[in-house]
$ cat final_21.cif   # mmCIF, C-alpha atoms
data_target
loop_
_atom_site.label_atom_id
_atom_site.label_comp_id
_atom_site.auth_asym_id
_atom_site.auth_seq_id
_atom_site.Cartn_x
_atom_site.Cartn_y
_atom_site.Cartn_z
CA MET I 1 84.34 -3.81 -36.39
CA THR I 2 84.29 -2.51 -32.83
CA THR I 3 82.58 0.75 -33.72
CA ALA I 4 79.88 -1.13 -35.51
CA SER I 5 79.17 -3.27 -32.47
CA VAL I 6 78.90 -0.15 -30.29
CA THR I 7 76.69 1.94 -32.51
CA ALA I 8 74.44 -0.57 -34.14
CA ALA I 9 72.17 -1.91 -31.46
CA PRO I 10 70.66 -5.06 -32.90
CA THR I 11 67.14 -4.00 -33.68
CA PRO I 12 64.85 -6.58 -35.06
CA ASP I 13 63.70 -5.74 -38.49
CA ALA I 14 60.61 -3.66 -38.10
CA PRO I 15 57.79 -5.64 -39.59
CA GLN I 16 56.66 -3.76 -42.63
CA PRO I 17 52.95 -3.19 -42.69
CA ALA I 18 51.47 -5.20 -45.48
CA GLU I 19 51.25 -2.99 -48.52
CA LYS I 20 47.56 -2.35 -48.72
CA LYS I 21 46.30 -1.93 -52.20
CA SER I 22 44.17 1.14 -52.08
CA SER I 23 40.96 0.12 -53.71
CA LEU I 24 39.22 2.15 -56.35
CA LEU I 25 36.66 3.08 -53.73
CA GLY I 26 39.35 4.42 -51.45
CA LYS I 27 40.86 6.48 -54.22
CA LEU I 28 37.55 7.92 -55.29
CA PHE I 29 36.20 8.50 -51.79
CA PHE I 30 37.13 12.14 -51.32
CA PRO I 31 36.37 13.37 -54.83
CA VAL I 32 33.00 11.64 -54.76
CA VAL I 33 32.09 12.96 -51.32
CA PHE I 34 33.23 16.43 -52.36
CA SER I 35 31.17 16.41 -55.52
CA LEU I 36 28.10 14.98 -53.82
CA LEU I 37 28.32 17.64 -51.16
CA ALA I 38 28.64 20.27 -53.87
CA VAL I 39 25.63 18.96 -55.77
CA TRP I 40 23.62 18.80 -52.61
CA GLY I 41 24.65 22.29 -51.59
CA VAL I 42 23.86 23.70 -54.99
CA ILE I 43 20.42 22.11 -55.04
CA ILE I 44 19.79 23.38 -51.56
CA ALA I 45 20.97 26.84 -52.53
CA MET I 46 18.06 27.02 -54.94
CA GLY I 47 15.94 27.34 -51.88
CA ASP I 48 12.70 25.65 -51.13
CA PRO I 49 11.10 24.83 -54.48
CA VAL I 50 7.83 23.95 -52.77
CA ALA I 51 7.34 27.36 -51.26
CA LYS I 52 7.89 29.13 -54.62
CA VAL I 53 9.13 32.23 -52.86
CA PRO I 54 10.82 34.74 -55.15
CA PHE I 55 14.54 34.36 -54.72
CA ASP I 56 16.29 37.20 -52.96
CA PRO I 57 20.05 36.84 -52.53
CA THR I 58 20.27 39.55 -49.91
CA GLN I 59 17.98 37.51 -47.71
CA GLU I 60 20.58 34.76 -47.58
CA PHE I 61 22.94 37.07 -45.71
CA ASP I 62 20.38 38.22 -43.26
CA LEU I 63 20.89 36.68 -39.85
CA GLY I 64 17.19 36.03 -39.60
CA ASP I 65 15.14 35.29 -36.54
CA ALA I 66 16.14 33.30 -33.52
CA VAL I 67 16.51 29.62 -34.22
CA ILE I 68 16.26 28.60 -30.58
CA GLY I 69 14.32 30.61 -28.05
CA GLY I 70 13.48 34.27 -28.37
CA SER I 71 15.49 37.37 -27.79
CA TRP I 72 16.52 38.93 -24.53
CA ASN I 73 18.40 41.97 -23.37
CA LEU I 74 22.10 41.35 -23.57
CA PHE I 75 24.03 42.20 -20.40
CA GLY I 76 20.73 43.41 -18.98
CA ILE I 77 20.88 46.58 -21.08
CA GLU I 78 17.64 47.77 -22.56
CA GLY I 79 17.74 47.87 -26.36
CA VAL I 80 20.75 45.58 -26.81
CA GLU I 81 19.15 42.41 -27.99
CA GLY I 82 20.67 38.98 -27.99
CA THR I 83 19.30 36.13 -30.05
CA ILE I 84 20.54 32.69 -30.91
CA ASN I 85 20.33 33.14 -34.65
CA LYS I 86 21.98 31.07 -37.34
CA GLY I 87 25.23 33.00 -37.11
CA VAL I 88 25.58 32.05 -33.46
CA ILE I 89 24.90 28.42 -34.28
CA TYR I 90 27.44 28.38 -37.10
CA LEU I 91 30.02 29.94 -34.80
CA ALA I 92 29.29 27.39 -32.09
CA LEU I 93 29.56 24.53 -34.57
CA ALA I 94 32.87 25.85 -35.86
CA ALA I 95 34.17 26.21 -32.30
CA LEU I 96 33.08 22.67 -31.50
CA GLY I 97 34.69 21.40 -34.68
CA SER I 98 37.99 23.13 -33.89
CA ILE I 99 38.03 21.81 -30.34
CA LEU I 100 37.33 18.24 -31.44
CA PHE I 101 39.94 18.50 -34.17
CA ALA I 102 42.54 19.86 -31.77
CA LEU I 103 41.78 17.12 -29.24
CA TYR I 104 42.07 14.51 -31.95
CA VAL I 105 45.42 15.88 -33.08
CA TYR I 106 46.62 15.97 -29.49
CA ARG I 107 45.53 12.42 -28.76
CA THR I 108 47.04 11.07 -31.96
CA ALA I 109 50.32 12.90 -31.46
CA ALA I 110 50.57 11.78 -27.82
CA LYS I 111 50.24 8.09 -28.62
CA ARG I 112 53.84 7.66 -29.81
CA ASN I 113 53.44 4.40 -31.60
CA ARG I 114 56.73 2.88 -32.59
CA LEU I 115 55.35 2.35 -36.01
CA GLU I 116 53.92 5.45 -37.46
CA THR I 117 50.40 4.98 -38.60
CA LYS I 118 48.95 6.88 -41.49
CA THR I 119 46.91 9.18 -39.27
CA GLN I 120 49.97 9.95 -37.21
CA THR I 121 51.92 10.92 -40.27
CA ALA I 122 49.07 13.10 -41.46
CA VAL I 123 48.74 14.77 -38.08
CA GLU I 124 52.47 15.41 -37.91
CA ALA I 125 52.39 16.89 -41.38
CA ALA I 126 49.55 19.18 -40.31
CA TYR I 127 51.46 20.26 -37.23
CA GLU I 128 54.58 20.87 -39.25
CA PHE I 129 52.54 22.96 -41.66
CA ALA I 130 51.24 25.08 -38.79
CA TYR I 131 54.71 25.30 -37.27
CA GLU I 132 56.64 26.28 -40.36
CA GLN I 133 54.23 27.82 -42.83
CA ILE I 134 51.80 29.67 -40.60
CA ALA I 135 53.88 30.61 -37.57
CA GLY I 136 57.08 30.77 -39.59
CA SER I 137 57.04 34.55 -39.77
CA LEU I 138 57.13 34.90 -36.00
CA PRO I 139 60.66 35.48 -34.70
CA GLU I 140 62.27 32.55 -32.93
CA GLY I 141 62.17 32.45 -29.17
CA LYS I 142 59.66 33.69 -26.65
CA LEU I 143 57.34 35.37 -29.09
CA PHE I 144 57.15 32.25 -31.21
CA ASN I 145 56.31 30.02 -28.29
CA ARG I 146 53.69 32.43 -27.05
CA TYR I 147 51.89 33.09 -30.31
CA MET I 148 52.34 29.94 -32.37
CA PRO I 149 49.31 28.41 -30.59
CA TYR I 150 47.34 31.59 -31.21
CA VAL I 151 47.92 31.79 -34.94
CA ALA I 152 47.43 28.05 -35.37
CA SER I 153 44.13 28.26 -33.48
CA ILE I 154 43.05 31.20 -35.62
CA PHE I 155 43.82 29.14 -38.68
CA ILE I 156 41.86 26.11 -37.51
CA PHE I 157 38.91 28.20 -36.35
CA VAL I 158 38.65 30.30 -39.50
CA TRP I 159 39.09 27.18 -41.59
CA PHE I 160 36.18 25.54 -39.83
CA LEU I 161 34.11 28.71 -40.17
CA ASN I 162 34.78 28.76 -43.90
CA MET I 163 34.31 25.06 -44.54
CA ILE I 164 31.14 24.78 -42.50
CA SER I 165 29.65 27.53 -44.62
CA PHE I 166 29.53 25.15 -47.59
CA VAL I 167 27.59 22.51 -45.72
CA PRO I 168 23.87 23.12 -46.09
CA LEU I 169 22.23 23.28 -42.69
CA PRO I 170 18.52 23.65 -41.93
CA LEU I 171 18.84 27.10 -40.43
CA ASN I 172 17.23 29.40 -42.99
CA THR I 173 14.53 30.94 -40.85
CA HIS I 174 12.95 32.76 -43.79
CA HIS I 175 11.39 29.60 -45.16
CA ASN I 176 10.09 26.41 -43.70
CA ILE I 177 10.14 23.02 -45.28
CA GLY I 178 6.61 22.44 -46.45
CA ASP I 179 4.18 23.33 -43.70
CA LEU I 180 6.41 22.29 -40.82
CA ASP I 181 7.07 25.44 -38.88
CA PHE I 182 9.70 23.83 -36.67
CA LEU I 183 11.83 22.64 -39.61
CA TYR I 184 13.64 25.43 -41.40
CA ALA I 185 14.73 25.30 -45.00
CA PHE I 186 18.29 24.28 -45.80
CA GLY I 187 20.63 27.03 -46.80
CA VAL I 188 24.30 27.70 -47.30
CA TYR I 189 25.38 30.60 -45.16
CA ALA I 190 28.85 31.77 -44.26
CA VAL I 191 29.13 33.35 -40.86
CA SER I 192 32.50 34.66 -42.02
CA SER I 193 30.61 36.63 -44.64
CA ASN I 194 29.35 38.73 -41.77
CA ILE I 195 31.64 41.69 -41.15
CA PHE I 196 31.03 41.62 -37.40
CA CYS I 197 32.39 38.11 -37.13
CA THR I 198 35.59 38.86 -39.02
CA ILE I 199 36.17 42.26 -37.43
CA THR I 200 36.02 40.61 -34.01
CA LEU I 201 38.72 38.15 -35.02
CA ALA I 202 40.75 40.98 -36.52
CA LEU I 203 40.42 43.05 -33.35
CA LEU I 204 41.89 40.15 -31.38
CA THR I 205 44.99 40.34 -33.54
CA PHE I 206 44.88 44.14 -33.37
CA GLY I 207 44.92 44.06 -29.57
CA ILE I 208 47.70 41.51 -29.46
CA TYR I 209 50.09 43.26 -31.81
CA HIS I 210 49.73 46.60 -30.09
CA TYR I 211 50.20 44.91 -26.72
CA GLU I 212 53.35 43.18 -27.93
CA GLY I 213 54.64 46.34 -29.54
CA VAL I 214 54.22 48.38 -26.34
CA LYS I 215 55.70 45.53 -24.32
CA ALA I 216 58.77 45.27 -26.52
CA HIS I 217 59.54 48.98 -26.92
CA GLY I 218 57.58 50.82 -24.26
CA LEU I 219 54.83 53.21 -25.31
CA ARG I 220 57.15 55.99 -26.51
CA GLY I 221 59.48 53.57 -28.20
CA TYR I 222 56.60 51.80 -29.91
CA LEU I 223 55.19 55.03 -31.26
CA LYS I 224 58.72 55.90 -32.44
CA THR I 225 58.90 52.69 -34.49
CA TRP I 226 56.10 54.06 -36.64
CA SER I 227 58.40 56.70 -38.07
CA ALA I 228 59.74 54.10 -40.54
CA GLY I 229 63.33 55.15 -39.97
CA GLN I 230 62.71 58.73 -41.05
CA SER I 231 63.42 61.90 -39.14
CA GLY I 232 62.96 65.59 -39.69
CA PRO I 233 60.20 67.21 -41.74
CA VAL I 234 59.59 64.08 -43.81
CA LEU I 235 58.04 62.70 -40.66
CA LEU I 236 55.07 65.02 -41.12
CA LEU I 237 54.33 63.15 -44.30
CA VAL I 238 55.17 59.65 -43.13
CA TYR I 239 53.71 59.63 -39.68
CA PRO I 240 50.01 60.13 -40.49
CA VAL I 241 50.22 57.36 -43.06
CA GLU I 242 51.80 55.05 -40.52
CA ILE I 243 49.15 55.89 -37.94
CA LEU I 244 46.46 55.18 -40.50
CA THR I 245 48.11 51.89 -41.44
CA ASN I 246 48.65 50.64 -37.91
CA VAL I 247 45.40 51.76 -36.36
CA VAL I 248 42.87 51.47 -39.16
CA LEU I 249 44.08 49.74 -42.29
CA LYS I 250 45.67 46.63 -40.80
CA PRO I 251 42.65 45.34 -38.86
CA VAL I 252 40.14 46.56 -41.43
CA SER I 253 41.93 44.95 -44.36
CA LEU I 254 42.30 41.75 -42.36
CA ALA I 255 38.58 41.67 -41.66
CA VAL I 256 37.36 42.87 -45.05
CA ARG I 257 39.53 40.42 -46.97
CA LEU I 258 37.99 37.39 -45.29
CA PHE I 259 34.48 38.84 -45.23
CA ALA I 260 34.46 39.96 -48.85
CA ASN I 261 35.96 36.73 -50.14
CA MET I 262 33.34 34.58 -48.46
CA LEU I 263 30.53 36.98 -49.29
CA SER I 264 31.37 37.23 -52.97
CA GLY I 265 31.82 33.48 -53.25
CA HIS I 266 28.41 32.81 -51.76
CA VAL I 267 26.73 35.59 -53.71
CA LEU I 268 28.18 34.16 -56.89
CA ILE I 269 26.95 30.65 -56.15
CA LEU I 270 23.50 31.84 -55.14
CA LEU I 271 23.15 34.20 -58.09
CA MET I 272 24.19 31.52 -60.57
CA MET I 273 21.62 29.19 -59.07
CA ALA I 274 18.97 31.85 -59.50
CA LEU I 275 20.09 32.78 -63.02
CA ALA I 276 16.80 31.65 -64.53
CA GLY I 277 14.85 33.80 -62.13
CA VAL I 278 17.13 36.78 -62.69
CA ILE I 279 16.98 36.60 -66.49
CA GLY I 280 13.36 35.53 -66.79
CA GLY I 281 11.85 35.38 -70.26
CA ALA I 282 10.60 32.40 -72.20
CA VAL I 283 10.65 28.85 -70.90
CA ALA I 284 13.44 27.76 -73.24
CA VAL I 285 15.61 30.68 -72.14
CA SER I 286 15.07 30.04 -68.47
CA VAL I 287 15.74 26.30 -68.80
CA PHE I 288 18.99 27.08 -70.62
CA ALA I 289 19.89 29.68 -68.01
CA GLN I 290 19.16 27.24 -65.21
CA VAL I 291 21.34 24.52 -66.71
CA LEU I 292 24.15 26.95 -67.41
CA GLY I 293 23.83 28.57 -63.99
CA THR I 294 23.82 25.24 -62.20
CA GLY I 295 26.99 24.22 -63.99
CA ILE I 296 28.77 27.46 -63.16
CA ALA I 297 27.54 27.30 -59.58
CA LEU I 298 28.89 23.76 -59.20
CA VAL I 299 32.30 24.75 -60.51
CA PHE I 300 32.45 27.74 -58.19
CA TYR I 301 31.22 25.65 -55.27
CA LEU I 302 34.15 23.28 -55.70
CA PHE I 303 36.58 26.14 -56.29
CA GLU I 304 35.44 28.06 -53.23
CA MET I 305 35.35 25.02 -50.99
CA GLY I 306 38.58 23.52 -52.25
CA LEU I 307 40.79 26.57 -52.53
CA VAL I 308 39.40 29.86 -51.32
CA ALA I 309 38.13 28.68 -47.92
CA SER I 310 41.49 27.21 -46.92
CA LEU I 311 43.50 29.96 -48.56
CA GLN I 312 41.68 32.73 -46.73
CA ALA I 313 42.06 30.96 -43.38
CA PHE I 314 45.77 30.57 -44.13
CA ILE I 315 46.15 34.22 -45.10
CA PHE I 316 44.31 35.40 -42.02
CA ALA I 317 46.61 33.41 -39.73
CA VAL I 318 49.81 34.31 -41.60
CA LEU I 319 49.01 38.00 -41.62
CA SER I 320 48.22 37.87 -37.90
CA ALA I 321 51.66 36.38 -37.34
CA ILE I 322 53.30 38.97 -39.58
CA TYR I 323 51.60 41.88 -37.81
CA ILE I 324 52.55 40.57 -34.38
CA SER I 325 56.16 40.05 -35.32
CA SER I 326 56.48 43.37 -37.12
CA ALA I 327 55.13 45.25 -34.10
CA ALA I 328 57.51 43.54 -31.70
CA GLU I 329 60.67 43.37 -33.78
CA GLU I 330 63.57 45.76 -33.40
CA HIS I 331 63.39 48.64 -35.82
CA HIS I 332 66.43 50.31 -37.21
CA MET L 333 18.79 59.36 -64.15
CA GLU L 334 16.85 57.47 -61.59
CA VAL L 335 18.54 56.66 -58.34
CA GLU L 336 18.02 52.91 -58.70
CA ALA L 337 19.62 52.87 -62.14
CA ALA L 338 22.54 54.92 -60.90
CA LYS L 339 23.04 52.49 -58.03
CA ALA L 340 23.05 49.50 -60.35
CA LEU L 341 25.52 51.28 -62.62
CA ALA L 342 27.71 52.08 -59.64
CA LEU L 343 27.80 48.42 -58.59
CA GLY L 344 28.65 47.26 -62.08
CA LEU L 345 31.30 49.92 -62.66
CA ALA L 346 32.93 49.48 -59.26
CA ALA L 347 33.13 45.70 -59.50
CA GLY L 348 34.18 45.69 -63.14
CA LEU L 349 36.80 48.43 -63.01
CA GLY L 350 38.06 47.14 -59.70
CA ALA L 351 38.79 43.78 -61.28
CA ILE L 352 41.15 45.21 -63.92
CA GLY L 353 44.07 46.06 -61.68
CA PRO L 354 44.10 42.88 -59.62
CA GLY L 355 43.67 40.89 -62.82
CA ILE L 356 46.87 42.35 -64.21
CA GLY L 357 48.52 41.80 -60.85
CA VAL L 358 47.53 38.16 -60.62
CA GLY L 359 48.74 37.63 -64.16
CA TYR L 360 52.15 39.06 -63.35
CA LEU L 361 52.32 37.09 -60.13
CA VAL L 362 51.58 33.71 -61.67
CA GLY L 363 53.71 34.42 -64.71
CA LYS L 364 56.71 35.38 -62.60
CA THR L 365 56.23 32.32 -60.42
CA ILE L 366 56.25 30.07 -63.46
CA GLU L 367 59.35 31.86 -64.71
CA GLY L 368 61.05 31.43 -61.37
CA THR L 369 60.12 27.77 -61.17
CA ALA L 370 61.40 27.19 -64.70
CA ARG L 371 64.75 28.74 -63.78
CA GLN L 372 65.09 26.97 -60.47
CA PRO L 373 62.74 24.02 -60.24
CA GLU L 374 64.07 23.07 -56.80
CA LEU L 375 62.54 26.24 -55.37
CA GLY L 376 59.12 25.40 -56.82
CA GLY L 377 57.42 24.52 -53.55
CA GLN L 378 58.62 27.65 -51.80
CA LEU L 379 57.64 29.84 -54.70
CA ARG L 380 54.20 28.29 -54.83
CA GLY L 381 53.61 29.11 -51.17
CA LEU L 382 54.68 32.70 -51.72
CA MET L 383 52.53 32.87 -54.83
CA PHE L 384 49.43 31.85 -52.93
CA LEU L 385 50.12 34.45 -50.27
CA GLY L 386 50.53 37.13 -52.89
CA LEU L 387 47.54 35.82 -54.80
CA ALA L 388 45.25 36.22 -51.84
CA LEU L 389 46.57 39.70 -51.10
CA THR L 390 46.14 40.81 -54.71
CA GLU L 391 42.79 39.16 -55.14
CA ALA L 392 41.44 40.89 -52.07
CA ILE L 393 41.63 44.25 -53.86
CA THR L 394 38.92 43.05 -56.24
CA PHE L 395 36.71 42.41 -53.28
CA TYR L 396 37.30 45.85 -51.81
CA ALA L 397 35.90 47.25 -55.02
CA LEU L 398 33.03 44.79 -54.90
CA VAL L 399 32.24 45.68 -51.30
CA PHE L 400 32.13 49.38 -52.10
CA GLY L 401 29.93 48.63 -55.07
CA LEU L 402 27.58 46.62 -52.86
CA LEU L 403 27.62 49.44 -50.32
CA ALA L 404 26.60 51.87 -53.04
CA PHE L 405 23.92 49.47 -54.23
CA PHE L 406 22.29 48.60 -50.94
CA LEU L 407 22.79 51.72 -48.84
#

$ encode --input "final_21.cif" --output "structure tokens"
Amino acid sequence: MTTASVTAAPTPDAPQPAEKKSSLLGKLFFPVVFSLLAVWGVIIAMGDPVAKVPFDPTQEFDLGDAVIGGSWNLFGIEGVEGTINKGVIYLALAALGSILFALYVYRTAAKRNRLETKTQTAVEAAYEFAYEQIAGSLPEGKLFNRYMPYVASIFIFVWFLNMISFVPLPLNTHHNIGDLDFLYAFGVYAVSSNIFCTITLALLTFGIYHYEGVKAHGLRGYLKTWSAGQSGPVLLLVYPVEILTNVVLKPVSLAVRLFANMLSGHVLILLMMALAGVIGGAVAVSVFAQVLGTGIALVFYLFEMGLVASLQAFIFAVLSAIYISSAAEEHH
Amino acid sequence: MEVEAAKALALGLAAGLGAIGPGIGVGYLVGKTIEGTARQPELGGQLRGLMFLGLALTEAITFYALVFGLLAFFL
């Protein structure tokens, strides 16, 4: 009796939020928006039907001309040109999106309502996901605290890069809409299907894991950890492979995985949309090909947007964490 | 053989042959995950996470082949 009076502070029963019946509209909201976006994107991917330009998939991955302004010499060096092309705009949009998202998460998490709202629960789940799933491979302690924000940011940024690539934006400088030369045609373009974008992100991780490795072991010690626990003449065999892995293969595979996934997804969607043009032939054949191609393109659009975009962002962040921790950890 | 035809063949062969290995790999991966989940259903969530990690790593090999095919085709 006494213990109960000590421990159980009389809290008034928390008023349960009225069980809201989620309407049919609420249930269908995301699937419908997703599908509409996909249909829109697929139609847009066909290009400008008015212009009747022959479809060229390679053109879709060309950065094109400057969208805003002209070009200038970057860093004042002659011959190094800088332009604000569509890649730059996609990158800026993704950066803006990540910043707004992070601010939103921060604001929601800082509110500390006594009653957890739905958004708060969702935000906490997202944070927990980043904490356990993405940064989970970092060793506990200093390294975790230092690099958990980094890998989580990488995840959010790459996720935005990938997702924004499925939203058709009027940035295709190869065509104009009708005769308006200030309004560019809509197009789906993935800036992460550009190797220079992904290799830059990979080089960030590359720099960090070497820095952490040297910091943890010293330069000699770090180079010694590449011997994979071997000694003697076997080292002649092992060491070149390890050098190749650590210096070339890790960053390159990190970059190429993301780049190739996004590129092949977009190529597939665009090619399926242009199936009629690719096959050619009689009207009946091309109509059939167009219907078939549109269907396949739609399916792949949903697949790429729903699974591959998030999965690749996740993999990129997880592998960054794994590389950092494996460079810094104690080797036998 | 003309150069253009050889390039097209190279793209097709590289992408097609490159898909065989990862295809087998993905099959094994998913099959083993199902097996594992059937034996210990309580580990299902964990296994699924690992499966997706492995899936992306395996799948990427297809794309290496595709990239080299595209390199052969366009360069």

$ interface_residues --input "final_21.cif" --of "chain L" --to "chain I" --cutoff "7 Å" --atoms "only C-alpha atoms" --output "PDB file with C-alpha atoms, in the coordinates of the input"
ATOM      1  CA  LEU L 385      50.120  34.450 -50.270  1.00  0.00           C
ATOM      2  CA  ALA L 392      41.440  40.890 -52.070  1.00  0.00           C
ATOM      3  CA  PHE L 395      36.710  42.410 -53.280  1.00  0.00           C
ATOM      4  CA  VAL L 399      32.240  45.680 -51.300  1.00  0.00           C
TER       5      VAL L 399
END

$ atom_distance --input "final_21.cif" --atom1 "CA of Ser286 in chain I" --atom2 "CA of Tyr301 in chain I"
21.3 Å

$ atom_distance --input "final_21.cif" --atom1 "CA of Gly232 in chain I" --atom2 "CA of Leu219 in chain I"
20.6 Å

$ resolve_selection --input "final_21.cif" --expression "the PyMOL selection byres ((chain I and resi 142-159) around 9)" --output "MDAnalysis selection string"
chainID I and resid 94:95 97:99 101:102 127 130:131 134:141 160:164 192 201 212 309:318 320:321 324:325 328

$ atom_distance --input "final_21.cif" --atom1 "CA of Val167 in chain I" --atom2 "CA of Val191 in chain I"
12.0 Å

$ resolve_selection --input "final_21.cif" --expression "the PyMOL selection byres ((chain L and resi 348-353) around 9)" --output "ChimeraX atom specification"
/L:343-347,354-358,390-391,393-398

$ closest_residue --input "final_21.cif" --among "I:Glu304, I:Ile199, I:Leu236, I:Gly87" --to "Val252 in chain I" --atoms "all atoms listed in the file"
I:Ile199

$ build_atoms --input "final_21.cif" --residues "range 92-99 of chain I" --atoms "all heavy atoms" --output "short mmCIF file (atom, residue, chain, number, x, y, z; two decimals), keeping the file's coordinate frame"
data_model
loop_
_atom_site.label_atom_id
_atom_site.label_comp_id
_atom_site.auth_asym_id
_atom_site.auth_seq_id
_atom_site.Cartn_x
_atom_site.Cartn_y
_atom_site.Cartn_z
N ALA I 92 29.16 28.43 -33.10
CA ALA I 92 29.29 27.39 -32.09
C ALA I 92 29.74 26.08 -32.71
O ALA I 92 30.60 25.38 -32.16
CB ALA I 92 27.96 27.21 -31.36
N LEU I 93 29.17 25.76 -33.89
CA LEU I 93 29.56 24.53 -34.57
C LEU I 93 31.04 24.57 -34.97
O LEU I 93 31.76 23.58 -34.82
CB LEU I 93 28.70 24.32 -35.82
CG LEU I 93 27.30 23.79 -35.58
CD1 LEU I 93 26.55 23.72 -36.90
CD2 LEU I 93 27.36 22.42 -34.96
N ALA I 94 31.46 25.73 -35.46
CA ALA I 94 32.87 25.85 -35.86
C ALA I 94 33.78 25.71 -34.64
O ALA I 94 34.83 25.06 -34.71
CB ALA I 94 33.11 27.18 -36.55
N ALA I 95 33.37 26.31 -33.52
CA ALA I 95 34.17 26.21 -32.30
C ALA I 95 34.25 24.76 -31.85
O ALA I 95 35.32 24.26 -31.50
CB ALA I 95 33.57 27.08 -31.21
N LEU I 96 33.12 24.08 -31.88
CA LEU I 96 33.08 22.67 -31.50
C LEU I 96 33.98 21.84 -32.41
O LEU I 96 34.75 21.00 -31.95
CB LEU I 96 31.63 22.17 -31.58
CG LEU I 96 31.35 20.80 -30.98
CD1 LEU I 96 31.41 20.89 -29.47
CD2 LEU I 96 30.01 20.28 -31.43
N GLY I 97 33.86 22.12 -33.72
CA GLY I 97 34.69 21.40 -34.68
C GLY I 97 36.18 21.61 -34.41
O GLY I 97 36.96 20.66 -34.41
N SER I 98 36.57 22.86 -34.14
CA SER I 98 37.99 23.13 -33.89
C SER I 98 38.47 22.43 -32.64
O SER I 98 39.58 21.89 -32.60
CB SER I 98 38.26 24.63 -33.76
OG SER I 98 37.30 25.38 -34.37
N ILE I 99 37.62 22.44 -31.60
CA ILE I 99 38.03 21.81 -30.34
C ILE I 99 38.20 20.31 -30.53
O ILE I 99 39.21 19.73 -30.11
CB ILE I 99 36.99 22.10 -29.24
CG1 ILE I 99 37.03 23.57 -28.85
CG2 ILE I 99 37.25 21.24 -28.01
CD1 ILE I 99 35.90 24.00 -27.97
#
